[in-house]
Structure formats: structure tokens, C-alpha cells
$ cat protein-v6.txt   # compact mmCIF, N, CA and C atoms
# COMPACT_ATOMS: atom_id res chain seq x y z
N MET L 1 15.93 -29.62 -15.58
CA MET L 1 16.54 -28.40 -15.13
C MET L 1 17.30 -28.68 -13.84
N SER L 2 18.51 -28.21 -13.74
CA SER L 2 19.29 -28.44 -12.52
C SER L 2 18.82 -27.49 -11.43
N GLU L 3 19.19 -27.82 -10.19
CA GLU L 3 18.77 -26.99 -9.06
C GLU L 3 19.36 -25.59 -9.15
N LYS L 4 20.59 -25.49 -9.67
CA LYS L 4 21.22 -24.18 -9.80
C LYS L 4 20.44 -23.28 -10.76
N GLN L 5 19.87 -23.85 -11.82
CA GLN L 5 19.10 -23.06 -12.77
C GLN L 5 17.77 -22.61 -12.18
N MET L 6 17.22 -23.34 -11.23
CA MET L 6 15.91 -23.04 -10.66
C MET L 6 15.97 -21.95 -9.60
N THR L 7 17.12 -21.72 -8.99
CA THR L 7 17.21 -20.74 -7.91
C THR L 7 17.47 -19.35 -8.48
N THR L 8 16.90 -18.36 -7.83
CA THR L 8 17.11 -16.97 -8.19
C THR L 8 17.69 -16.26 -6.98
N GLU L 9 18.76 -15.53 -7.20
CA GLU L 9 19.37 -14.81 -6.09
C GLU L 9 18.55 -13.59 -5.74
N MET L 10 18.27 -13.45 -4.45
CA MET L 10 17.51 -12.30 -3.97
C MET L 10 18.43 -11.37 -3.21
N PRO L 11 18.15 -10.07 -3.27
CA PRO L 11 18.98 -9.14 -2.49
C PRO L 11 18.80 -9.40 -1.00
N THR L 12 19.83 -9.12 -0.23
CA THR L 12 19.77 -9.36 1.21
C THR L 12 19.07 -8.23 1.95
N THR L 13 18.93 -7.06 1.33
CA THR L 13 18.22 -5.94 1.95
C THR L 13 17.17 -5.41 0.97
N TYR L 14 16.14 -4.82 1.53
CA TYR L 14 15.07 -4.25 0.72
C TYR L 14 15.45 -2.85 0.26
N ASP L 15 15.30 -2.58 -1.01
CA ASP L 15 15.60 -1.27 -1.58
C ASP L 15 14.29 -0.65 -2.07
N PRO L 16 13.65 0.21 -1.25
CA PRO L 16 12.35 0.76 -1.64
C PRO L 16 12.42 1.59 -2.92
N LYS L 17 13.53 2.28 -3.17
CA LYS L 17 13.63 3.09 -4.38
C LYS L 17 13.54 2.23 -5.64
N ALA L 18 14.19 1.08 -5.62
CA ALA L 18 14.14 0.19 -6.78
C ALA L 18 12.73 -0.37 -6.97
N SER L 19 12.06 -0.71 -5.87
CA SER L 19 10.70 -1.25 -5.97
C SER L 19 9.72 -0.18 -6.44
N GLU L 20 9.81 1.00 -5.87
CA GLU L 20 8.87 2.06 -6.23
C GLU L 20 9.12 2.59 -7.63
N ALA L 21 10.37 2.59 -8.07
CA ALA L 21 10.67 3.07 -9.42
C ALA L 21 9.91 2.25 -10.45
N LYS L 22 9.74 0.99 -10.18
CA LYS L 22 9.03 0.10 -11.10
C LYS L 22 7.54 0.45 -11.17
N TRP L 23 6.95 0.87 -10.07
CA TRP L 23 5.50 1.02 -9.99
C TRP L 23 5.00 2.46 -9.91
N TYR L 24 5.82 3.39 -9.49
CA TYR L 24 5.34 4.73 -9.16
C TYR L 24 4.63 5.41 -10.33
N GLU L 25 5.19 5.36 -11.53
CA GLU L 25 4.56 5.99 -12.69
C GLU L 25 3.20 5.36 -12.97
N TYR L 26 3.10 4.06 -12.83
CA TYR L 26 1.84 3.34 -13.01
C TYR L 26 0.81 3.83 -11.99
N TRP L 27 1.24 3.98 -10.75
CA TRP L 27 0.34 4.46 -9.70
C TRP L 27 -0.14 5.88 -10.00
N MET L 28 0.77 6.73 -10.46
CA MET L 28 0.41 8.12 -10.76
C MET L 28 -0.56 8.19 -11.94
N GLN L 29 -0.30 7.42 -12.98
CA GLN L 29 -1.18 7.42 -14.15
C GLN L 29 -2.57 6.88 -13.79
N GLY L 30 -2.60 5.90 -12.89
CA GLY L 30 -3.88 5.34 -12.45
C GLY L 30 -4.60 6.18 -11.42
N LYS L 31 -3.95 7.26 -10.97
CA LYS L 31 -4.51 8.18 -9.97
C LYS L 31 -4.91 7.45 -8.69
N TYR L 32 -4.05 6.50 -8.29
CA TYR L 32 -4.34 5.71 -7.11
C TYR L 32 -4.12 6.48 -5.80
N PHE L 33 -3.47 7.65 -5.88
CA PHE L 33 -3.26 8.47 -4.69
C PHE L 33 -4.32 9.56 -4.57
N GLU L 34 -5.35 9.47 -5.36
CA GLU L 34 -6.36 10.52 -5.38
C GLU L 34 -7.73 10.00 -4.97
N ALA L 35 -8.42 10.81 -4.25
CA ALA L 35 -9.84 10.56 -4.00
C ALA L 35 -10.59 11.53 -4.90
N GLY L 36 -11.88 11.63 -4.74
CA GLY L 36 -12.64 12.59 -5.51
C GLY L 36 -13.16 12.05 -6.83
N LYS L 37 -13.08 10.75 -7.00
CA LYS L 37 -13.60 10.17 -8.23
C LYS L 37 -15.12 10.11 -8.21
N ARG L 38 -15.68 10.31 -7.01
CA ARG L 38 -17.14 10.34 -6.84
C ARG L 38 -17.47 11.58 -6.02
N PRO L 39 -17.56 12.74 -6.66
CA PRO L 39 -17.75 13.99 -5.91
C PRO L 39 -19.07 14.08 -5.15
N ASP L 40 -20.04 13.26 -5.51
CA ASP L 40 -21.32 13.30 -4.82
C ASP L 40 -21.31 12.50 -3.52
N ALA L 41 -20.24 11.73 -3.30
CA ALA L 41 -20.17 10.88 -2.10
C ALA L 41 -19.42 11.58 -0.97
N PRO L 42 -19.76 11.26 0.28
CA PRO L 42 -18.98 11.80 1.40
C PRO L 42 -17.56 11.21 1.36
N THR L 43 -16.60 11.95 1.87
CA THR L 43 -15.21 11.49 1.82
C THR L 43 -14.80 10.82 3.11
N TYR L 44 -13.84 9.91 2.98
CA TYR L 44 -13.25 9.22 4.14
C TYR L 44 -11.81 8.91 3.77
N THR L 45 -10.87 9.31 4.63
CA THR L 45 -9.45 9.13 4.34
C THR L 45 -8.73 8.60 5.57
N ILE L 46 -7.81 7.68 5.31
CA ILE L 46 -6.87 7.23 6.34
C ILE L 46 -5.48 7.47 5.77
N VAL L 47 -4.65 8.18 6.51
CA VAL L 47 -3.26 8.40 6.12
C VAL L 47 -2.41 7.44 6.94
N ILE L 48 -1.66 6.60 6.25
CA ILE L 48 -0.82 5.62 6.94
C ILE L 48 0.35 6.37 7.57
N PRO L 49 0.53 6.24 8.88
CA PRO L 49 1.63 6.96 9.53
C PRO L 49 2.99 6.40 9.13
N PRO L 50 4.04 7.19 9.27
CA PRO L 50 5.38 6.69 8.95
C PRO L 50 5.77 5.56 9.90
N PRO L 51 6.75 4.75 9.50
CA PRO L 51 7.16 3.64 10.37
C PRO L 51 7.78 4.16 11.68
N ASN L 52 7.80 3.28 12.66
CA ASN L 52 8.36 3.70 13.95
C ASN L 52 9.86 3.91 13.84
N VAL L 53 10.45 4.53 14.85
CA VAL L 53 11.84 4.95 14.80
C VAL L 53 12.80 3.77 14.71
N THR L 54 12.46 2.68 15.35
CA THR L 54 13.39 1.55 15.38
C THR L 54 13.41 0.77 14.07
N GLY L 55 12.35 0.89 13.28
CA GLY L 55 12.29 0.15 12.04
C GLY L 55 11.94 -1.31 12.23
N MET L 56 11.65 -1.72 13.45
CA MET L 56 11.31 -3.11 13.73
C MET L 56 9.81 -3.29 13.60
N LEU L 57 9.40 -4.18 12.71
CA LEU L 57 7.98 -4.46 12.58
C LEU L 57 7.57 -5.55 13.55
N HIS L 58 6.37 -5.46 14.05
CA HIS L 58 5.87 -6.47 14.98
C HIS L 58 4.39 -6.72 14.71
N ILE L 59 3.79 -7.58 15.47
CA ILE L 59 2.41 -7.97 15.25
C ILE L 59 1.45 -6.79 15.38
N GLY L 60 1.83 -5.80 16.16
CA GLY L 60 1.00 -4.60 16.29
C GLY L 60 0.87 -3.85 14.97
N HIS L 61 1.94 -3.82 14.18
CA HIS L 61 1.88 -3.19 12.87
C HIS L 61 0.91 -3.95 11.96
N ALA L 62 1.00 -5.25 11.98
CA ALA L 62 0.10 -6.07 11.15
C ALA L 62 -1.35 -5.82 11.56
N LEU L 63 -1.60 -5.74 12.84
CA LEU L 63 -2.96 -5.47 13.32
C LEU L 63 -3.42 -4.09 12.88
N ASP L 64 -2.55 -3.10 13.02
CA ASP L 64 -2.89 -1.73 12.64
C ASP L 64 -3.27 -1.65 11.16
N PHE L 65 -2.44 -2.22 10.30
CA PHE L 65 -2.71 -2.18 8.85
C PHE L 65 -3.96 -2.97 8.50
N THR L 66 -4.19 -4.07 9.20
CA THR L 66 -5.39 -4.87 8.96
C THR L 66 -6.64 -4.07 9.32
N LEU L 67 -6.60 -3.39 10.46
CA LEU L 67 -7.75 -2.58 10.88
C LEU L 67 -8.00 -1.43 9.91
N GLN L 68 -6.92 -0.79 9.43
CA GLN L 68 -7.08 0.29 8.46
C GLN L 68 -7.71 -0.24 7.17
N ASP L 69 -7.26 -1.40 6.73
CA ASP L 69 -7.80 -2.01 5.51
C ASP L 69 -9.29 -2.30 5.68
N ILE L 70 -9.65 -2.85 6.82
CA ILE L 70 -11.07 -3.15 7.10
C ILE L 70 -11.90 -1.87 7.09
N MET L 71 -11.38 -0.82 7.72
CA MET L 71 -12.14 0.43 7.80
C MET L 71 -12.34 1.07 6.42
N ILE L 72 -11.28 1.09 5.60
CA ILE L 72 -11.39 1.67 4.26
C ILE L 72 -12.37 0.88 3.40
N ARG L 73 -12.24 -0.45 3.42
CA ARG L 73 -13.15 -1.28 2.62
C ARG L 73 -14.60 -1.13 3.07
N THR L 74 -14.81 -1.04 4.39
CA THR L 74 -16.17 -0.86 4.91
C THR L 74 -16.76 0.47 4.43
N LYS L 75 -15.97 1.52 4.52
CA LYS L 75 -16.46 2.84 4.09
C LYS L 75 -16.76 2.84 2.59
N ARG L 76 -15.92 2.19 1.80
CA ARG L 76 -16.20 2.11 0.36
C ARG L 76 -17.52 1.39 0.11
N MET L 77 -17.74 0.31 0.83
CA MET L 77 -18.99 -0.44 0.66
C MET L 77 -20.19 0.36 1.14
N GLN L 78 -19.96 1.30 2.07
CA GLN L 78 -21.04 2.16 2.57
C GLN L 78 -21.28 3.36 1.66
N GLY L 79 -20.51 3.46 0.57
CA GLY L 79 -20.72 4.53 -0.40
C GLY L 79 -19.82 5.73 -0.27
N PHE L 80 -18.85 5.68 0.61
CA PHE L 80 -17.92 6.80 0.78
C PHE L 80 -16.90 6.81 -0.36
N ASP L 81 -16.39 7.99 -0.67
CA ASP L 81 -15.26 8.14 -1.58
C ASP L 81 -14.02 8.00 -0.70
N ALA L 82 -13.54 6.78 -0.56
CA ALA L 82 -12.50 6.48 0.42
C ALA L 82 -11.10 6.46 -0.20
N LEU L 83 -10.14 6.97 0.56
CA LEU L 83 -8.74 7.00 0.14
C LEU L 83 -7.87 6.50 1.28
N TRP L 84 -7.02 5.53 1.00
CA TRP L 84 -6.05 5.01 1.97
C TRP L 84 -4.69 5.42 1.46
N LEU L 85 -4.11 6.42 2.04
CA LEU L 85 -2.90 7.07 1.52
C LEU L 85 -1.67 6.77 2.35
N PRO L 86 -0.63 6.21 1.72
CA PRO L 86 0.63 6.01 2.46
C PRO L 86 1.34 7.33 2.69

$ encode --input "protein-v6.txt" --output "C-alpha cells"
Amino acid sequence: MSEKQMTTEMPTTYDPKASEAKWYEYWMQGKYFEAGKRPDAPTYTIVIPPPNVTGMLHIGHALDFTLQDIMIRTKRMQGFDALWLP
């Protein structure tokens, strides 16, 4: 295989509509945006805030999302009906 055949052209900018269009129906059918699958359990929710005004991501964002992930997973392991909602 030549090198030209092995490369795939990627878009230079991210298009969230194109990415979400591929997955959104799957997410809705899987009820991934819903809690309440365990009504006997206490609830715990984290709502991911919108991005900052400048649109520039930095290490603080990575830390914030990592901490949210840790908190949601911990609550699930503690028996909570946890939802991490964008």
C-alpha cells in the first residue's frame, strides 16, 4: 500500500453537529441522559457547565472534568443513581 493510500484527510475544524448527528439518536434510545433507573437509590447529579467564553481549553478544564468523572464514578459505586449530564 502506498503512503497516499494510507493517509486519511481530516477536517481542519471540529464540527459538533456532524459528530452529534452520528450518535445523538443512539444516546436517546439508550436513555443515557436519564437518571432514575434505580428509583430506590438516592440521586446524585453533576451538570457539566458550558465552555468558557474564549473557547480556549487549558489544563484546568482537564482537571475539572477528571474530578467530575471521579465524583460520579464514586457515587455510583456507593449505590447512588448518578447522572453526569452535559

$ select_by_dssp --input "protein-v6.txt" --residues "chain L" --states "strand (DSSP E or B)" --output "ChimeraX atom specification"
/L:43-47,81-85

$ atom_distance --input "protein-v6.txt" --atom1 "atom CA of L:Arg38" --atom2 "atom N of L:Ala82"
8.1 Å

$ closest_residue --input "protein-v6.txt" --among "L:Pro49, L:Pro11, L:Gly36, L:Pro42" --to "L:Gly79" --atoms "all atoms listed in the file"
L:Pro42

$ atom_distance --input "protein-v6.txt" --atom1 "atom N of L:Asp81" --atom2 "atom N of L:Thr43"
4.7 Å

$ residues_around --input "protein-v6.txt" --residues "L:Leu83" --least-positions-apart "6" --cutoff "8 Å" --atoms "only C-alpha atoms" --output "VMD selection string"
chain L and resid 33 to 35 44 to 46 72

$ select_by_dssp --input "protein-v6.txt" --residues "chain L" --states "helix (DSSP H, G or I)" --output "PDB file with N, CA and C atoms, keeping the file's coordinate frame"
ATOM      1  N   GLU L   3      19.190 -27.820 -10.190  1.00  0.00           N
ATOM      2  CA  GLU L   3      18.770 -26.990  -9.060  1.00  0.00           C
ATOM      3  C   GLU L   3      19.360 -25.590  -9.150  1.00  0.00           C
ATOM      4  N   LYS L   4      20.590 -25.490  -9.670  1.00  0.00           N
ATOM      5  CA  LYS L   4      21.220 -24.180  -9.800  1.00  0.00           C
ATOM      6  C   LYS L   4      20.440 -23.280 -10.760  1.00  0.00           C
ATOM      7  N   GLN L   5      19.870 -23.850 -11.820  1.00  0.00           N
ATOM      8  CA  GLN L   5      19.100 -23.060 -12.770  1.00  0.00           C
ATOM      9  C   GLN L   5      17.770 -22.610 -12.180  1.00  0.00           C
ATOM     10  N   MET L   6      17.220 -23.340 -11.230  1.00  0.00           N
ATOM     11  CA  MET L   6      15.910 -23.040 -10.660  1.00  0.00           C
ATOM     12  C   MET L   6      15.970 -21.950  -9.600  1.00  0.00           C
ATOM     13  N   PRO L  16      13.650   0.210  -1.250  1.00  0.00           N
ATOM     14  CA  PRO L  16      12.350   0.760  -1.640  1.00  0.00           C
ATOM     15  C   PRO L  16      12.420   1.590  -2.920  1.00  0.00           C
ATOM     16  N   LYS L  17      13.530   2.280  -3.170  1.00  0.00           N
ATOM     17  CA  LYS L  17      13.630   3.090  -4.380  1.00  0.00           C
ATOM     18  C   LYS L  17      13.540   2.230  -5.640  1.00  0.00           C
ATOM     19  N   ALA L  18      14.190   1.080  -5.620  1.00  0.00           N
ATOM     20  CA  ALA L  18      14.140   0.190  -6.780  1.00  0.00           C
ATOM     21  C   ALA L  18      12.730  -0.370  -6.970  1.00  0.00           C
ATOM     22  N   SER L  19      12.060  -0.710  -5.870  1.00  0.00           N
ATOM     23  CA  SER L  19      10.700  -1.250  -5.970  1.00  0.00           C
ATOM     24  C   SER L  19       9.720  -0.180  -6.440  1.00  0.00           C
ATOM     25  N   GLU L  20       9.810   1.000  -5.870  1.00  0.00           N
ATOM     26  CA  GLU L  20       8.870   2.060  -6.230  1.00  0.00           C
ATOM     27  C   GLU L  20       9.120   2.590  -7.630  1.00  0.00           C
ATOM     28  N   ALA L  21      10.370   2.590  -8.070  1.00  0.00           N
ATOM     29  CA  ALA L  21      10.670   3.070  -9.420  1.00  0.00           C
ATOM     30  C   ALA L  21       9.910   2.250 -10.450  1.00  0.00           C
ATOM     31  N   LYS L  22       9.740   0.990 -10.180  1.00  0.00           N
ATOM     32  CA  LYS L  22       9.030   0.100 -11.100  1.00  0.00           C
ATOM     33  C   LYS L  22       7.540   0.450 -11.170  1.00  0.00           C
ATOM     34  N   TRP L  23       6.950   0.870 -10.070  1.00  0.00           N
ATOM     35  CA  TRP L  23       5.500   1.020  -9.990  1.00  0.00           C
ATOM     36  C   TRP L  23       5.000   2.460  -9.910  1.00  0.00           C
ATOM     37  N   TYR L  24       5.820   3.390  -9.490  1.00  0.00           N
ATOM     38  CA  TYR L  24       5.340   4.730  -9.160  1.00  0.00           C
ATOM     39  C   TYR L  24       4.630   5.410 -10.330  1.00  0.00           C
ATOM     40  N   GLU L  25       5.190   5.360 -11.530  1.00  0.00           N
ATOM     41  CA  GLU L  25       4.560   5.990 -12.690  1.00  0.00           C
ATOM     42  C   GLU L  25       3.200   5.360 -12.970  1.00  0.00           C
ATOM     43  N   TYR L  26       3.100   4.060 -12.830  1.00  0.00           N
ATOM     44  CA  TYR L  26       1.840   3.340 -13.010  1.00  0.00           C
ATOM     45  C   TYR L  26       0.810   3.830 -11.990  1.00  0.00           C
ATOM     46  N   TRP L  27       1.240   3.980 -10.750  1.00  0.00           N
ATOM     47  CA  TRP L  27       0.340   4.460  -9.700  1.00  0.00           C
ATOM     48  C   TRP L  27      -0.140   5.880 -10.000  1.00  0.00           C
ATOM     49  N   MET L  28       0.770   6.730 -10.460  1.00  0.00           N
ATOM     50  CA  MET L  28       0.410   8.120 -10.760  1.00  0.00           C
ATOM     51  C   MET L  28      -0.560   8.190 -11.940  1.00  0.00           C
ATOM     52  N   GLN L  29      -0.300   7.420 -12.980  1.00  0.00           N
ATOM     53  CA  GLN L  29      -1.180   7.420 -14.150  1.00  0.00           C
ATOM     54  C   GLN L  29      -2.570   6.880 -13.790  1.00  0.00           C
ATOM     55  N   ILE L  59       3.790  -7.580  15.470  1.00  0.00           N
ATOM     56  CA  ILE L  59       2.410  -7.970  15.250  1.00  0.00           C
ATOM     57  C   ILE L  59       1.450  -6.790  15.380  1.00  0.00           C
ATOM     58  N   GLY L  60       1.830  -5.800  16.160  1.00  0.00           N
ATOM     59  CA  GLY L  60       1.000  -4.600  16.290  1.00  0.00           C
ATOM     60  C   GLY L  60       0.870  -3.850  14.970  1.00  0.00           C
ATOM     61  N   HIS L  61       1.940  -3.820  14.180  1.00  0.00           N
ATOM     62  CA  HIS L  61       1.880  -3.190  12.870  1.00  0.00           C
ATOM     63  C   HIS L  61       0.910  -3.950  11.960  1.00  0.00           C
ATOM     64  N   ALA L  62       1.000  -5.250  11.980  1.00  0.00           N
ATOM     65  CA  ALA L  62       0.100  -6.070  11.150  1.00  0.00           C
ATOM     66  C   ALA L  62      -1.350  -5.820  11.560  1.00  0.00           C
ATOM     67  N   LEU L  63      -1.600  -5.740  12.840  1.00  0.00           N
ATOM     68  CA  LEU L  63      -2.960  -5.470  13.320  1.00  0.00           C
ATOM     69  C   LEU L  63      -3.420  -4.090  12.880  1.00  0.00           C
ATOM     70  N   ASP L  64      -2.550  -3.100  13.020  1.00  0.00           N
ATOM     71  CA  ASP L  64      -2.890  -1.730  12.640  1.00  0.00           C
ATOM     72  C   ASP L  64      -3.270  -1.650  11.160  1.00  0.00           C
ATOM     73  N   PHE L  65      -2.440  -2.220  10.300  1.00  0.00           N
ATOM     74  CA  PHE L  65      -2.710  -2.180   8.850  1.00  0.00           C
ATOM     75  C   PHE L  65      -3.960  -2.970   8.500  1.00  0.00           C
ATOM     76  N   THR L  66      -4.190  -4.070   9.200  1.00  0.00           N
ATOM     77  CA  THR L  66      -5.390  -4.870   8.960  1.00  0.00           C
ATOM     78  C   THR L  66      -6.640  -4.070   9.320  1.00  0.00           C
ATOM     79  N   LEU L  67      -6.600  -3.390  10.460  1.00  0.00           N
ATOM     80  CA  LEU L  67      -7.750  -2.580  10.880  1.00  0.00           C
ATOM     81  C   LEU L  67      -8.000  -1.430   9.910  1.00  0.00           C
ATOM     82  N   GLN L  68      -6.920  -0.790   9.430  1.00  0.00           N
ATOM     83  CA  GLN L  68      -7.080   0.290   8.460  1.00  0.00           C
ATOM     84  C   GLN L  68      -7.710  -0.240   7.170  1.00  0.00           C
ATOM     85  N   ASP L  69      -7.260  -1.400   6.730  1.00  0.00           N
ATOM     86  CA  ASP L  69      -7.800  -2.010   5.510  1.00  0.00           C
ATOM     87  C   ASP L  69      -9.290  -2.300   5.680  1.00  0.00           C
ATOM     88  N   ILE L  70      -9.650  -2.850   6.820  1.00  0.00           N
ATOM     89  CA  ILE L  70     -11.070  -3.150   7.100  1.00  0.00           C
ATOM     90  C   ILE L  70     -11.900  -1.870   7.090  1.00  0.00           C
ATOM     91  N   MET L  71     -11.380  -0.820   7.720  1.00  0.00           N
ATOM     92  CA  MET L  71     -12.140   0.430   7.800  1.00  0.00           C
ATOM     93  C   MET L  71     -12.340   1.070   6.420  1.00  0.00           C
ATOM     94  N   ILE L  72     -11.280   1.090   5.600  1.00  0.00           N
ATOM     95  CA  ILE L  72     -11.390   1.670   4.260  1.00  0.00           C
ATOM     96  C   ILE L  72     -12.370   0.880   3.400  1.00  0.00           C
ATOM     97  N   ARG L  73     -12.240  -0.450   3.420  1.00  0.00           N
ATOM     98  CA  ARG L  73     -13.150  -1.280   2.620  1.00  0.00           C
ATOM     99  C   ARG L  73     -14.600  -1.130   3.070  1.00  0.00           C
ATOM    100  N   THR L  74     -14.810  -1.040   4.390  1.00  0.00           N
ATOM    101  CA  THR L  74     -16.170  -0.860   4.910  1.00  0.00           C
ATOM    102  C   THR L  74     -16.760   0.470   4.430  1.00  0.00           C
ATOM    103  N   LYS L  75     -15.970   1.520   4.520  1.00  0.00           N
ATOM    104  CA  LYS L  75     -16.460   2.840   4.090  1.00  0.00           C
ATOM    105  C   LYS L  75     -16.760   2.840   2.590  1.00  0.00           C
ATOM    106  N   ARG L  76     -15.920   2.190   1.800  1.00  0.00           N
ATOM    107  CA  ARG L  76     -16.200   2.110   0.360  1.00  0.00           C
ATOM    108  C   ARG L  76     -17.520   1.390   0.110  1.00  0.00           C
ATOM    109  N   MET L  77     -17.740   0.310   0.830  1.00  0.00           N
ATOM    110  CA  MET L  77     -18.990  -0.440   0.660  1.00  0.00           C
ATOM    111  C   MET L  77     -20.190   0.360   1.140  1.00  0.00           C
TER     112      MET L  77
END

$ build_atoms --input "protein-v6.txt" --residues "stretch 40-48 of chain L" --atoms "all heavy atoms" --output "compact mmCIF listing (two decimals), in the frame of the given file"
# COMPACT_ATOMS: atom_id res chain seq x y z
N ASP L 40 -20.04 13.26 -5.51
CA ASP L 40 -21.32 13.30 -4.82
C ASP L 40 -21.31 12.50 -3.52
O ASP L 40 -22.23 12.60 -2.72
CB ASP L 40 -22.42 12.75 -5.73
CG ASP L 40 -22.13 11.33 -6.21
OD1 ASP L 40 -20.95 11.04 -6.51
OD2 ASP L 40 -23.08 10.53 -6.29
N ALA L 41 -20.24 11.73 -3.30
CA ALA L 41 -20.17 10.88 -2.10
C ALA L 41 -19.42 11.58 -0.97
O ALA L 41 -18.52 12.38 -1.22
CB ALA L 41 -19.47 9.56 -2.44
N PRO L 42 -19.76 11.26 0.28
CA PRO L 42 -18.98 11.80 1.40
C PRO L 42 -17.56 11.21 1.36
O PRO L 42 -17.36 10.11 0.87
CB PRO L 42 -19.74 11.33 2.64
CG PRO L 42 -20.58 10.19 2.20
CD PRO L 42 -20.85 10.40 0.74
N THR L 43 -16.60 11.95 1.87
CA THR L 43 -15.21 11.49 1.82
C THR L 43 -14.80 10.82 3.11
O THR L 43 -15.33 11.10 4.19
CB THR L 43 -14.25 12.66 1.54
OG1 THR L 43 -14.42 13.64 2.56
CG2 THR L 43 -14.51 13.27 0.18
N TYR L 44 -13.84 9.91 2.98
CA TYR L 44 -13.25 9.22 4.14
C TYR L 44 -11.81 8.91 3.77
O TYR L 44 -11.54 8.33 2.72
CB TYR L 44 -14.02 7.94 4.44
CG TYR L 44 -13.53 7.23 5.68
CD1 TYR L 44 -13.97 7.63 6.94
CD2 TYR L 44 -12.63 6.19 5.60
CE1 TYR L 44 -13.53 6.99 8.08
CE2 TYR L 44 -12.18 5.54 6.75
CZ TYR L 44 -12.64 5.95 7.98
OH TYR L 44 -12.19 5.32 9.12
N THR L 45 -10.87 9.31 4.63
CA THR L 45 -9.45 9.13 4.34
C THR L 45 -8.73 8.60 5.57
O THR L 45 -8.99 9.02 6.69
CB THR L 45 -8.79 10.46 3.94
OG1 THR L 45 -9.49 11.00 2.83
CG2 THR L 45 -7.33 10.28 3.58
N ILE L 46 -7.81 7.68 5.31
CA ILE L 46 -6.87 7.23 6.34
C ILE L 46 -5.48 7.47 5.77
O ILE L 46 -5.17 7.03 4.66
CB ILE L 46 -7.03 5.75 6.69
CG1 ILE L 46 -8.38 5.49 7.35
CG2 ILE L 46 -5.89 5.28 7.61
CD1 ILE L 46 -8.64 4.03 7.70
N VAL L 47 -4.65 8.18 6.51
CA VAL L 47 -3.26 8.40 6.12
C VAL L 47 -2.41 7.44 6.94
O VAL L 47 -2.46 7.47 8.17
CB VAL L 47 -2.83 9.86 6.35
CG1 VAL L 47 -1.38 10.04 5.97
CG2 VAL L 47 -3.73 10.80 5.58
N ILE L 48 -1.66 6.60 6.25
CA ILE L 48 -0.82 5.62 6.94
C ILE L 48 0.35 6.37 7.57
O ILE L 48 1.09 7.07 6.88
CB ILE L 48 -0.31 4.55 5.97
CG1 ILE L 48 -1.49 3.82 5.33
CG2 ILE L 48 0.62 3.56 6.68
CD1 ILE L 48 -1.10 2.87 4.21
